[in-house]
Number of protein chains: 2
Amino acid sequence: MLSQSVCGTSRIVGFRFSLYPMSDQFVDVIKGALGETNTSKVWLKTDDISTCIRGKAVHVFDVAKAVYLHAAKTGLHVVLNGSFSIGCPGDSDGDSYMSVDDECMNEAALSHIKIEAPTQFALYPMNDSRYMDLIAEAIEIAKEKETISGGIHYASRLDGDAHEVFSTLEQSFTATQEKVSHVTMTVNIAANSPSRKKV
Amino acid sequence: MLSQSVCGTSRIVGFRFSLYPMSDQFVDVIKGALGETNTSKVWLKTDDISTCIRGKAVHVFDVAKAVYLHAAKTGLHVVLNGSFSIGCPGDSDGDSYMSVDDECMNEAALSHIKIEAPTQFALYPMNDSRYMDLIAEAIEIAKEKETISGGIHYASRLDGDAHEVFSTLEQSFTATQEKVSHVTMTVNIAANSPSRKKV
């Protein structure tokens with residue numbers, strides 16, 4: 001796991017996300033995906049609009065991917081949309097979830113699931129005049145991982161297997177936050193969209 | 001329209017958004033909402049993940065609200081989720097859509113629709129050390145408009161009628177971009193969520 005390299009820092013990572021199943025069964029899909037995910041190593045709170053998880057980067061990304069995969073494996077068109085964040089001034093550090101170990105609770109159960117994860121993401125390094133360069137460096141990571149598939153207005157596009165896409169997102173985020181205190185990254189990760197069907 | 005005050009600038013505003021109907025009929029709802037909206041005064045491009053509109057602030061916000069309301073009026077649980085942006089370095093200014101007049105093409109047809117629009121939003125003024133103060137100033141706007149209903153991790157919460165909520169978002173965004181060149185604002189605007197039902 002590439003994310004091991006960033007564990008051991010005390011910086012708490014958050015991910016506020018919504019899971020959108022384009023289905024009449026959306027309540028069951030959302031509750032099912034959250035219920036099937038092991039969230040024991042992150043702080044978690046759900047409201048009527050979104051869910052927020054907080055903890056070590058390794059576990060926040062592990063849980064994010066698990067929620068996505070458990071929903072996507074239904075075969076329904078689902079989207080995971082949210083913002084990762086670290087270093088927000090005023091954010092309360094020292095949460096108890098920062099003292100857990102680095103063993104991922106979901107990775108082993110999910111590694112066999114292969115799903116295409118077309119994604120648009122945007123990186124926002126805050127309060128830093130180098131921010132456009134830092135974004136360019138994150139894009140280089142995606143190029144090396146061969147998940148990048150183009151720039152669009154206000155975002156970059158990733159395509160590939162979900163494991164590779166989440167790995168790209170995690171590496172881009174963690175590499176950037178080593179250089180800038182406050183970083184946000186928006187992600188819009190789709191699965192099973194009928195618009196993707198070859199014609 | 002409060003947005004009139006920012007027209008006449010030549011700064012192009014963009015909104016990359018996804019409309020998520022939690023319904024088996026999601027294709028019809030998305031196509032219906034886009035089709036019912038008058039988009040003649042914005043540049044528009046849709047891909048398999050999101051839609052991007054670009055133009056004058058007044059028209060970008062007019063179209064954003066129209067897409068939301070046309071979807072929400074179906075009574076289905078729908079969410080409009082996306083990012084407004086202005087001043088991204090490298091963004092091509094001088095688009096032909098910046099020379100249109102300020103008359104809103106959707107407002108008149110939509111003003112009678114009353115829908116509660118619970119919203120979470122986050123403002124990102126880029127490359128500016130005052131950014132936390134600027135965010136606080138935007139929250140003051142929401143307080144004055146009485147749409148603010150609390151801060152949460154990584155976002156602020158708005159509640160109220162959709163027209164008031166969109167007005168708050170537009171005013172927060174436009175006020176901030178008068179002070180900072182590059183501003184992004186993420187919005188997650190729900191409608192008809194079963195989680196909102198009183199128990």
# chains A, B, ... in the order shown; residues from 1 in each chain; ligands from 1
$ closest_atom_pairs --of "chain B" --to "chain A" --cutoff "9 Å" --atoms "only C-alpha atoms" --output "Markdown table"
| residue | atom | partner | partner_atom | distance |
| --- | --- | --- | --- | --- |
| B:Gly14 | CA | A:Tyr154 | CA | 8.0 |
| B:Phe15 | CA | A:Tyr154 | CA | 8.5 |
| B:Arg16 | CA | A:Tyr154 | CA | 7.3 |
| B:Ser18 | CA | A:Asn188 | CA | 8.8 |
| B:Tyr20 | CA | A:Tyr20 | CA | 6.5 |
| B:Pro21 | CA | A:Met22 | CA | 5.9 |
| B:Met22 | CA | A:Met22 | CA | 4.5 |
| B:Ser23 | CA | A:Ser23 | CA | 4.1 |
| B:Asp24 | CA | A:Ser23 | CA | 4.4 |
| B:Gln25 | CA | A:Ser23 | CA | 7.6 |
| B:Phe26 | CA | A:Met22 | CA | 6.0 |
| B:Val27 | CA | A:Pro194 | CA | 8.8 |
| B:Asp47 | CA | A:Ser195 | CA | 8.2 |
| B:Asp48 | CA | A:Ser195 | CA | 5.3 |
| B:Ile49 | CA | A:Ala190 | CA | 6.8 |
| B:Ser50 | CA | A:Gln120 | CA | 8.5 |
| B:Cys52 | CA | A:His153 | CA | 7.5 |
| B:Val79 | CA | A:Tyr20 | CA | 8.4 |
| B:Asn81 | CA | A:Asn81 | CA | 8.0 |
| B:Ser83 | CA | A:Tyr154 | CA | 8.3 |
| B:Phe84 | CA | A:Tyr154 | CA | 8.8 |
| B:Ser85 | CA | A:Tyr154 | CA | 7.2 |
| B:Cys88 | CA | A:Tyr154 | CA | 7.6 |
| B:Pro89 | CA | A:Met132 | CA | 8.0 |
| B:Asp91 | CA | A:His153 | CA | 7.8 |
| B:Pro118 | CA | A:Ile49 | CA | 7.6 |
| B:Thr119 | CA | A:Ile49 | CA | 7.4 |
| B:Gln120 | CA | A:Ile49 | CA | 7.4 |
| B:Tyr124 | CA | A:Met126 | CA | 7.6 |
| B:Pro125 | CA | A:Met126 | CA | 7.8 |
| B:Met126 | CA | A:Met126 | CA | 5.9 |
| B:Asn127 | CA | A:Asn127 | CA | 4.5 |
| B:Asp128 | CA | A:Asn127 | CA | 5.1 |
| B:Ser129 | CA | A:Asn127 | CA | 5.2 |
| B:Arg130 | CA | A:Asn127 | CA | 8.2 |
| B:Tyr131 | CA | A:Asn127 | CA | 7.2 |
| B:Met132 | CA | A:Pro89 | CA | 8.0 |
| B:His153 | CA | A:Cys52 | CA | 7.5 |
| B:Tyr154 | CA | A:Ser85 | CA | 7.2 |
| B:Ala155 | CA | A:Arg16 | CA | 8.6 |
| B:Thr184 | CA | A:Tyr124 | CA | 8.9 |
| B:Thr186 | CA | A:Thr186 | CA | 8.5 |
| B:Asn188 | CA | A:Ile49 | CA | 7.6 |
| B:Ile189 | CA | A:Ile49 | CA | 8.0 |
| B:Ala190 | CA | A:Ile49 | CA | 6.7 |
| B:Ser193 | CA | A:Asp48 | CA | 7.3 |
| B:Pro194 | CA | A:Asp48 | CA | 8.4 |
| B:Ser195 | CA | A:Asp48 | CA | 5.3 |
| B:Arg196 | CA | A:Asp48 | CA | 6.4 |
$ write_last_selection --atoms "C-alpha atoms" --output "CSV table (one decimal), in the first residue's frame"
chain,number,residue,atom,x,y,z
B,14,GLY,CA,-17.8,28.1,-14.6
B,15,PHE,CA,-19.9,25.5,-12.8
B,16,ARG,CA,-19.0,21.8,-13.3
B,18,SER,CA,-23.6,16.5,-11.7
B,20,TYR,CA,-28.1,12.8,-9.3
B,21,PRO,CA,-31.7,11.6,-9.3
B,22,MET,CA,-32.0,8.7,-6.8
B,23,SER,CA,-34.4,6.9,-9.1
B,24,ASP,CA,-34.5,4.2,-11.8
B,25,GLN,CA,-35.7,7.0,-14.1
B,26,PHE,CA,-32.5,9.0,-13.6
B,27,VAL,CA,-31.7,9.3,-17.4
B,47,ASP,CA,-19.7,14.2,-20.5
B,48,ASP,CA,-20.4,10.9,-18.9
B,49,ILE,CA,-19.6,12.2,-15.4
B,50,SER,CA,-20.6,15.8,-15.3
B,52,CYS,CA,-19.8,22.2,-17.4
B,79,VAL,CA,-29.0,16.2,-5.6
B,81,ASN,CA,-23.4,18.6,-6.7
B,83,SER,CA,-18.0,23.3,-8.1
B,84,PHE,CA,-18.3,26.9,-9.2
B,85,SER,CA,-15.0,28.4,-10.3
B,88,CYS,CA,-8.4,29.7,-12.8
B,89,PRO,CA,-5.0,30.5,-14.3
B,91,ASP,CA,-8.7,29.5,-18.1
B,118,PRO,CA,-30.8,21.7,2.3
B,119,THR,CA,-27.2,22.5,1.2
B,120,GLN,CA,-23.6,22.0,2.2
B,124,TYR,CA,-12.0,28.1,-1.5
B,125,PRO,CA,-10.3,31.4,-2.1
B,126,MET,CA,-7.0,30.4,-3.7
B,127,ASN,CA,-3.5,31.7,-3.1
B,128,ASP,CA,-4.5,34.2,-0.4
B,129,SER,CA,-3.4,34.3,3.2
B,130,ARG,CA,-6.7,36.0,4.2
B,131,TYR,CA,-8.7,33.0,3.0
B,132,MET,CA,-10.1,32.0,6.3
B,153,HIS,CA,-16.5,19.6,9.3
B,154,TYR,CA,-15.2,21.0,6.0
B,155,ALA,CA,-18.4,22.8,5.0
B,184,THR,CA,-13.8,27.8,-6.1
B,186,THR,CA,-18.3,23.4,-3.8
B,188,ASN,CA,-24.1,19.9,-2.5
B,189,ILE,CA,-27.8,20.8,-2.8
B,190,ALA,CA,-30.4,18.2,-2.0
B,193,SER,CA,-34.6,13.5,0.8
B,194,PRO,CA,-36.4,10.9,2.8
B,195,SER,CA,-33.9,11.5,5.6
B,196,ARG,CA,-35.4,14.9,6.0
$ select_by_dssp --residues "segment 39-127 of chain A" --states "helix (DSSP H, G or I)" --output "short mmCIF file (atom, residue, chain, number, x, y, z; two decimals) with N, CA and C atoms, in the first residue's frame"
data_model
loop_
_atom_site.label_atom_id
_atom_site.label_comp_id
_atom_site.auth_asym_id
_atom_site.auth_seq_id
_atom_site.Cartn_x
_atom_site.Cartn_y
_atom_site.Cartn_z
N ALA A 57 -4.84 9.01 7.12
CA ALA A 57 -5.04 8.98 5.66
C ALA A 57 -5.27 7.56 5.17
N VAL A 58 -4.48 6.63 5.64
CA VAL A 58 -4.57 5.24 5.17
C VAL A 58 -5.97 4.67 5.38
N HIS A 59 -6.59 4.99 6.49
CA HIS A 59 -7.92 4.44 6.79
C HIS A 59 -9.04 5.23 6.12
N VAL A 60 -8.85 6.52 5.99
CA VAL A 60 -9.86 7.32 5.31
C VAL A 60 -9.97 6.87 3.85
N PHE A 61 -8.84 6.66 3.20
CA PHE A 61 -8.88 6.20 1.80
C PHE A 61 -9.37 4.75 1.71
N ASP A 62 -9.01 3.93 2.68
CA ASP A 62 -9.47 2.54 2.70
C ASP A 62 -11.00 2.49 2.80
N VAL A 63 -11.55 3.29 3.69
CA VAL A 63 -13.01 3.31 3.86
C VAL A 63 -13.69 3.92 2.64
N ALA A 64 -13.11 4.98 2.09
CA ALA A 64 -13.70 5.62 0.91
C ALA A 64 -13.82 4.62 -0.23
N LYS A 65 -12.75 3.87 -0.48
CA LYS A 65 -12.77 2.90 -1.56
C LYS A 65 -13.76 1.78 -1.28
N ALA A 66 -13.83 1.37 -0.02
CA ALA A 66 -14.74 0.27 0.33
C ALA A 66 -16.19 0.67 0.13
N VAL A 67 -16.54 1.88 0.54
CA VAL A 67 -17.93 2.34 0.35
C VAL A 67 -18.26 2.35 -1.14
N TYR A 68 -17.33 2.89 -1.93
CA TYR A 68 -17.54 2.94 -3.38
C TYR A 68 -17.71 1.54 -3.96
N LEU A 69 -16.80 0.63 -3.61
CA LEU A 69 -16.83 -0.71 -4.23
C LEU A 69 -18.06 -1.50 -3.80
N HIS A 70 -18.44 -1.38 -2.53
CA HIS A 70 -19.63 -2.12 -2.08
C HIS A 70 -20.89 -1.62 -2.80
N ALA A 71 -20.92 -0.33 -3.10
CA ALA A 71 -22.07 0.19 -3.85
C ALA A 71 -21.96 -0.18 -5.33
N ALA A 72 -20.76 -0.07 -5.89
CA ALA A 72 -20.58 -0.32 -7.32
C ALA A 72 -20.81 -1.78 -7.68
N SER A 96 -8.84 10.56 18.74
CA SER A 96 -8.38 9.24 19.19
C SER A 96 -8.11 8.30 18.02
N TYR A 97 -8.75 8.56 16.89
CA TYR A 97 -8.56 7.68 15.73
C TYR A 97 -7.18 7.84 15.09
N MET A 98 -6.40 8.82 15.56
CA MET A 98 -5.06 8.98 15.02
C MET A 98 -4.08 8.01 15.66
N SER A 99 -4.49 7.31 16.73
CA SER A 99 -3.56 6.42 17.42
C SER A 99 -3.75 4.96 17.05
N GLU A 107 -9.19 -3.56 2.74
CA GLU A 107 -8.44 -3.84 1.51
C GLU A 107 -8.51 -5.31 1.11
N ALA A 108 -8.26 -6.21 2.07
CA ALA A 108 -8.19 -7.64 1.74
C ALA A 108 -9.50 -8.16 1.16
N ALA A 109 -10.60 -7.67 1.70
CA ALA A 109 -11.91 -8.18 1.26
C ALA A 109 -12.34 -7.61 -0.08
N LEU A 110 -11.63 -6.60 -0.54
CA LEU A 110 -12.07 -5.88 -1.74
C LEU A 110 -11.15 -6.04 -2.93
#
$ select_by_dssp --residues "chain A" --states "strand (DSSP E)" --output "number ranges by chain"
A: 13-21, 43-46, 51-55, 78-86, 119-125, 148-152, 155-158, 183-191
